[in-house]
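Student: Dropping in final-v6.txt, which is compact mmCIF, C-alpha atoms and all ligand atoms:
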```txt
# COMPACT_ATOMS: atom_id res chain seq x y z
CA MET A 1 -108.78 -166.26 7.71
CA THR A 2 -109.74 -169.92 7.80
CA ARG A 3 -107.42 -172.89 8.04
CA GLU A 4 -108.49 -176.51 8.02
CA ILE A 5 -106.67 -179.74 8.67
CA THR A 6 -107.63 -183.31 9.46
CA THR A 7 -105.72 -185.33 12.04
CA HIS A 8 -105.87 -189.11 12.37
CA SER A 9 -104.76 -189.72 15.96
CA PRO A 10 -104.51 -187.90 19.30
CA GLU A 11 -100.74 -187.65 18.74
CA GLU A 12 -101.32 -185.83 15.45
CA THR A 13 -103.71 -183.41 17.13
CA ILE A 14 -101.12 -182.73 19.84
CA ALA A 15 -98.47 -182.13 17.18
CA PHE A 16 -100.80 -179.71 15.43
CA GLY A 17 -101.36 -177.94 18.77
CA ARG A 18 -97.59 -177.53 19.11
CA SER A 19 -97.42 -175.92 15.68
CA LEU A 20 -100.29 -173.61 16.60
CA ALA A 21 -98.35 -172.37 19.60
CA GLU A 22 -95.77 -170.89 17.26
CA ALA A 23 -98.43 -168.85 15.50
CA LEU A 24 -100.16 -167.67 18.67
CA SER A 25 -99.09 -164.69 20.70
CA PRO A 26 -100.78 -163.13 23.70
CA PRO A 27 -103.17 -161.56 24.43
CA LYS A 28 -105.78 -163.88 22.99
CA LEU A 29 -109.17 -165.29 23.75
CA VAL A 30 -109.56 -168.60 21.94
CA LEU A 31 -112.82 -170.55 21.78
CA LEU A 32 -112.47 -174.31 21.42
CA ARG A 33 -115.64 -175.76 19.95
CA GLY A 34 -116.70 -179.34 19.42
CA ASP A 35 -118.73 -182.15 20.95
CA LEU A 36 -117.75 -184.13 24.04
CA GLY A 37 -114.64 -186.09 23.15
CA ALA A 38 -113.98 -184.09 20.00
CA GLY A 39 -110.39 -183.44 21.09
CA LYS A 40 -110.40 -179.92 22.53
CA THR A 41 -108.39 -180.87 25.61
CA THR A 42 -106.07 -183.02 23.50
CA LEU A 43 -105.31 -179.99 21.34
CA VAL A 44 -104.55 -177.92 24.45
CA LYS A 45 -101.93 -180.51 25.45
CA GLY A 46 -100.06 -179.61 22.29
CA ILE A 47 -100.57 -175.89 22.65
CA ALA A 48 -99.32 -175.90 26.26
CA ALA A 49 -96.33 -178.05 25.30
CA GLY A 50 -95.55 -175.75 22.38
CA PHE A 51 -95.49 -172.80 24.74
CA GLU A 52 -93.19 -174.71 27.07
CA ALA A 53 -95.79 -174.06 29.71
CA ALA A 54 -96.49 -177.73 30.56
CA ASN A 55 -95.66 -181.28 29.57
CA GLU A 56 -98.44 -182.65 27.43
CA ASP A 57 -99.08 -185.44 29.96
CA ASP A 58 -99.61 -182.91 32.72
CA VAL A 59 -102.42 -181.18 30.84
CA THR A 60 -105.71 -182.67 31.99
CA SER A 61 -109.29 -181.64 31.55
CA PRO A 62 -110.41 -178.81 33.83
CA THR A 63 -113.85 -180.45 33.98
CA PHE A 64 -114.24 -180.07 37.75
CA THR A 65 -111.58 -177.51 38.57
CA LEU A 66 -112.86 -175.31 35.70
CA ILE A 67 -109.57 -173.43 35.22
CA HIS A 68 -106.04 -174.75 34.80
CA GLU A 69 -103.14 -172.34 34.59
CA TYR A 70 -99.89 -173.05 32.73
CA ARG A 71 -97.18 -170.43 32.85
CA GLY A 72 -94.62 -170.30 30.09
CA PRO A 73 -91.86 -167.89 29.06
CA ARG A 74 -93.96 -166.38 26.26
CA ALA A 75 -97.42 -166.50 27.74
CA ASN A 76 -99.59 -167.57 30.62
CA LEU A 77 -102.17 -170.05 29.42
CA TYR A 78 -105.54 -170.51 31.06
CA HIS A 79 -107.41 -173.64 30.04
CA ILE A 80 -111.06 -173.22 30.95
CA ASP A 81 -113.99 -175.64 30.72
CA LEU A 82 -117.44 -174.07 30.95
CA TYR A 83 -119.40 -177.30 30.33
CA ARG A 84 -120.79 -177.25 33.88
CA ILE A 85 -121.38 -173.50 34.01
CA ASP A 86 -124.91 -172.51 33.06
CA THR A 87 -125.72 -169.08 34.39
CA SER A 88 -123.97 -165.75 34.04
CA ARG A 89 -123.89 -165.55 37.82
CA GLU A 90 -121.87 -168.78 38.01
CA LEU A 91 -119.67 -167.45 35.24
CA GLU A 92 -118.98 -164.26 37.19
CA THR A 93 -117.75 -166.20 40.20
CA LEU A 94 -114.95 -167.59 38.02
CA GLY A 95 -113.54 -164.12 37.52
CA LEU A 96 -112.30 -164.79 34.00
CA ASP A 97 -111.95 -161.07 33.31
CA ASP A 98 -109.22 -160.94 35.94
CA LEU A 99 -107.22 -163.47 33.94
CA ARG A 100 -107.11 -161.33 30.84
CA SER A 101 -103.86 -159.45 30.49
CA GLU A 102 -101.21 -158.61 27.91
CA SER A 103 -99.47 -161.90 28.62
CA SER A 104 -102.44 -164.23 28.79
CA ILE A 105 -104.06 -166.64 26.39
CA LEU A 106 -107.45 -168.00 27.40
CA LEU A 107 -108.35 -171.34 25.83
CA ILE A 108 -112.03 -171.87 26.53
CA GLU A 109 -114.01 -175.07 26.01
CA TRP A 110 -117.80 -174.62 25.79
CA GLY A 111 -117.36 -170.84 25.80
CA GLU A 112 -119.86 -170.47 22.95
CA LYS A 113 -122.61 -171.02 25.53
CA PHE A 114 -122.09 -167.38 26.45
CA PRO A 115 -122.61 -164.77 23.71
CA ARG A 116 -120.05 -162.42 25.19
CA PHE A 117 -117.24 -164.88 24.48
CA VAL A 118 -118.47 -165.34 20.92
CA ARG A 119 -118.26 -161.56 20.56
CA GLU A 120 -114.92 -161.17 22.30
CA ARG A 121 -113.05 -164.11 20.83
CA ASP A 122 -109.92 -163.52 18.74
CA LEU A 123 -109.84 -167.05 17.40
CA GLU A 124 -112.19 -169.98 17.13
CA ILE A 125 -110.99 -173.56 16.73
CA ALA A 126 -113.66 -176.12 15.90
CA LEU A 127 -113.07 -179.86 16.09
CA GLU A 128 -115.33 -182.34 14.38
CA ARG A 129 -115.21 -186.13 14.41
CA ALA A 130 -114.44 -187.73 11.08
CA GLY A 131 -114.71 -191.43 11.83
CA GLU A 132 -113.22 -193.14 14.90
CA ASN A 133 -109.88 -191.34 15.08
CA GLY A 134 -110.23 -188.65 12.47
CA ARG A 135 -110.78 -185.06 13.53
CA LYS A 136 -111.38 -182.14 11.23
CA ILE A 137 -109.94 -179.03 12.81
CA THR A 138 -111.02 -175.64 11.51
CA ILE A 139 -109.44 -172.41 12.64
CA ASP A 140 -111.16 -169.11 12.16
CA SER A 141 -109.62 -165.84 13.12
CA LYS A 142 -111.48 -162.58 13.15
CA PRO A 143 -111.18 -160.75 9.89
N1 LIG A 201 -107.46 -187.38 15.92
C1 LIG A 201 -107.74 -187.26 17.24
N2 LIG A 201 -107.53 -186.07 17.86
C2 LIG A 201 -107.84 -185.90 19.17
N3 LIG A 201 -108.35 -186.86 19.96
C3 LIG A 201 -108.60 -188.06 19.40
C4 LIG A 201 -108.30 -188.31 18.03
N4 LIG A 201 -108.65 -189.58 17.75
C5 LIG A 201 -109.13 -190.10 18.89
N5 LIG A 201 -109.11 -189.22 19.90
C6 LIG A 201 -109.59 -189.47 21.27
O1 LIG A 201 -110.72 -188.63 21.48
C7 LIG A 201 -110.74 -188.18 22.83
C8 LIG A 201 -110.70 -186.67 22.88
O2 LIG A 201 -110.90 -186.28 24.21
P1 LIG A 201 -110.72 -184.79 24.72
O3 LIG A 201 -110.78 -184.87 26.21
O4 LIG A 201 -109.56 -184.16 24.10
O5 LIG A 201 -112.06 -184.14 24.13
P2 LIG A 201 -112.77 -182.78 24.52
O6 LIG A 201 -113.22 -182.21 23.23
O7 LIG A 201 -111.91 -181.96 25.38
O8 LIG A 201 -114.06 -183.29 25.31
P3 LIG A 201 -114.88 -182.61 26.52
O9 LIG A 201 -115.89 -181.66 25.90
O10 LIG A 201 -115.55 -183.78 27.16
O11 LIG A 201 -113.92 -181.91 27.42
C9 LIG A 201 -109.55 -188.80 23.53
O12 LIG A 201 -109.94 -189.99 24.15
C10 LIG A 201 -108.60 -189.11 22.37
O13 LIG A 201 -107.72 -190.17 22.63
MG MG A 202 -112.12 -181.15 27.27
```
Would you mind writing the file out in structure tokens?

Tutor:
Amino acid sequence: MTREITTHSPEETIAFGRSLAEALSPPKLVLLRGDLGAGKTTLVKGIAAGFEAANEDDVTSPTFTLIHEYRGPRANLYHIDLYRIDTSRELETLGLDDLRSESSILLIEWGEKFPRFVRERDLEIALERAGENGRKITIDSKP
């Protein structure tokens, strides 16, 4: 299944993330694809808010911390940024497998660097710039 929408501001992307939360149920592994600044983290603000797991303003990029955890009544969200992770050895030290459970949703930025996540993903969300504030968001779930 493929779904596609275009947003025209960060606020619209956050609102779309909120609506996505309604359609998402754990367990899931979600790959968030798109260039630097495409809006992956912005979308997670909406998803986390939709799950009542965090206020959108409290969701920040896990650029240096690599993993942020947001616990909600319906799911535990793990927002992961693998931009700075290059080797499978470094990846192993993060222990992402330990985070996977019946109640968890992993939202992974730059996860496509590692073929295993491309294989194991349940959902892929790609964000593409369309002008200054436009973002084309494409959602692909496994057939
Ligand atoms: N329609 C839009 N949707 C999302 N963000 C937008 C939009 N228009 C402009 N922006 C801006 O684009 C930037 C998106 O940054 P964000 O941190 O979400 O990107 P990212 O894909 O997570 O990047 P990185 O790979 O560096 O983590 C923000 O500064 C945001 O304000
Ligand atoms: Mg980000």

Student: Using only C-alpha atoms and all ligand atoms, which residue out of A:Leu29, A:Leu36, A:Ile80, A:Ala48 lies closest to ligand LIG 201 (chain A)?

Tutor: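 Of A:Leu29, A:Leu36, A:Ile80, A:Ala48, the one nearest ligand LIG 201 (chain A), counting only C-alpha atoms and all ligand atoms, is A:Leu36.
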
Student: Quick one: residues within 12 Å of ligand MG 202 (chain A), with only C-alpha atoms and all ligand atoms, as a PDB file with C-alpha atoms, in the frame of the given file?

Tutor:
```pdb
ATOM      1  CA  LEU A  31    -112.820-170.550  21.780  1.00  0.00           C
ATOM      2  CA  LEU A  32    -112.470-174.310  21.420  1.00  0.00           C
ATOM      3  CA  ARG A  33    -115.640-175.760  19.950  1.00  0.00           C
ATOM      4  CA  GLY A  34    -116.700-179.340  19.420  1.00  0.00           C
ATOM      5  CA  ASP A  35    -118.730-182.150  20.950  1.00  0.00           C
ATOM      6  CA  LEU A  36    -117.750-184.130  24.040  1.00  0.00           C
ATOM      7  CA  GLY A  37    -114.640-186.090  23.150  1.00  0.00           C
ATOM      8  CA  ALA A  38    -113.980-184.090  20.000  1.00  0.00           C
ATOM      9  CA  GLY A  39    -110.390-183.440  21.090  1.00  0.00           C
ATOM     10  CA  LYS A  40    -110.400-179.920  22.530  1.00  0.00           C
ATOM     11  CA  THR A  41    -108.390-180.870  25.610  1.00  0.00           C
ATOM     12  CA  THR A  42    -106.070-183.020  23.500  1.00  0.00           C
ATOM     13  CA  LEU A  43    -105.310-179.990  21.340  1.00  0.00           C
ATOM     14  CA  VAL A  44    -104.550-177.920  24.450  1.00  0.00           C
ATOM     15  CA  LYS A  45    -101.930-180.510  25.450  1.00  0.00           C
ATOM     16  CA  VAL A  59    -102.420-181.180  30.840  1.00  0.00           C
ATOM     17  CA  THR A  60    -105.710-182.670  31.990  1.00  0.00           C
ATOM     18  CA  SER A  61    -109.290-181.640  31.550  1.00  0.00           C
ATOM     19  CA  PRO A  62    -110.410-178.810  33.830  1.00  0.00           C
ATOM     20  CA  THR A  63    -113.850-180.450  33.980  1.00  0.00           C
ATOM     21  CA  PHE A  64    -114.240-180.070  37.750  1.00  0.00           C
ATOM     22  CA  THR A  65    -111.580-177.510  38.570  1.00  0.00           C
ATOM     23  CA  LEU A  66    -112.860-175.310  35.700  1.00  0.00           C
ATOM     24  CA  ILE A  67    -109.570-173.430  35.220  1.00  0.00           C
ATOM     25  CA  HIS A  68    -106.040-174.750  34.800  1.00  0.00           C
ATOM     26  CA  HIS A  79    -107.410-173.640  30.040  1.00  0.00           C
ATOM     27  CA  ILE A  80    -111.060-173.220  30.950  1.00  0.00           C
ATOM     28  CA  ASP A  81    -113.990-175.640  30.720  1.00  0.00           C
ATOM     29  CA  LEU A  82    -117.440-174.070  30.950  1.00  0.00           C
ATOM     30  CA  TYR A  83    -119.400-177.300  30.330  1.00  0.00           C
ATOM     31  CA  ARG A  84    -120.790-177.250  33.880  1.00  0.00           C
ATOM     32  CA  LEU A 107    -108.350-171.340  25.830  1.00  0.00           C
ATOM     33  CA  ILE A 108    -112.030-171.870  26.530  1.00  0.00           C
ATOM     34  CA  GLU A 109    -114.010-175.070  26.010  1.00  0.00           C
ATOM     35  CA  TRP A 110    -117.800-174.620  25.790  1.00  0.00           C
ATOM     36  CA  GLY A 111    -117.360-170.840  25.800  1.00  0.00           C
ATOM     37  CA  LEU A 127    -113.070-179.860  16.090  1.00  0.00           C
TER      38      LEU A 127
END
```

Student: Might I get the box with edges along x, y and z of the file that holds all atoms of ligand LIG 201 (chain A) listed there, padded by 4 Å on every side, given as centre and edge lengths in Å to one decimal, as AutoDock Vina command-line options?

Tutor:
```
--center_x -111.7 --center_y -185.9 --center_z 21.7 --size_x 16.4 --size_y 16.5 --size_z 19.5
```

Student: When you draw a straight line from atom CA of Ile139 of chain A to atom CA of Asp122 of chain A, how long is it in Å?

Tutor: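 The value is 10.8 Å.
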
Student: For atom CA of Arg135 of chain A and atom N3 of ligand LIG 201 (chain A), determine how far apart the two atoms are, in Å to one decimal place.

Tutor: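 So the two atoms, atom CA of Arg135 of chain A and atom N3 of ligand LIG 201 (chain A), lie 7.1 Å apart.
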
Student: Quick one: residues within 7 Å of Ile5 of chain A, only C-alpha atoms counted, chain neighbours fewer than 2 positions away excluded, as a ChimeraX atom specification?

Tutor: /A:3,7,136-138

Student: With only C-alpha atoms as the atoms that count, which of A:Leu94, A:Leu106, A:Ile85, A:Ala54 lies nearest to Leu24 of chain A?

Tutor: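 When distances to Leu24 of chain A are compared using only C-alpha atoms, the smallest one comes from A:Leu106.
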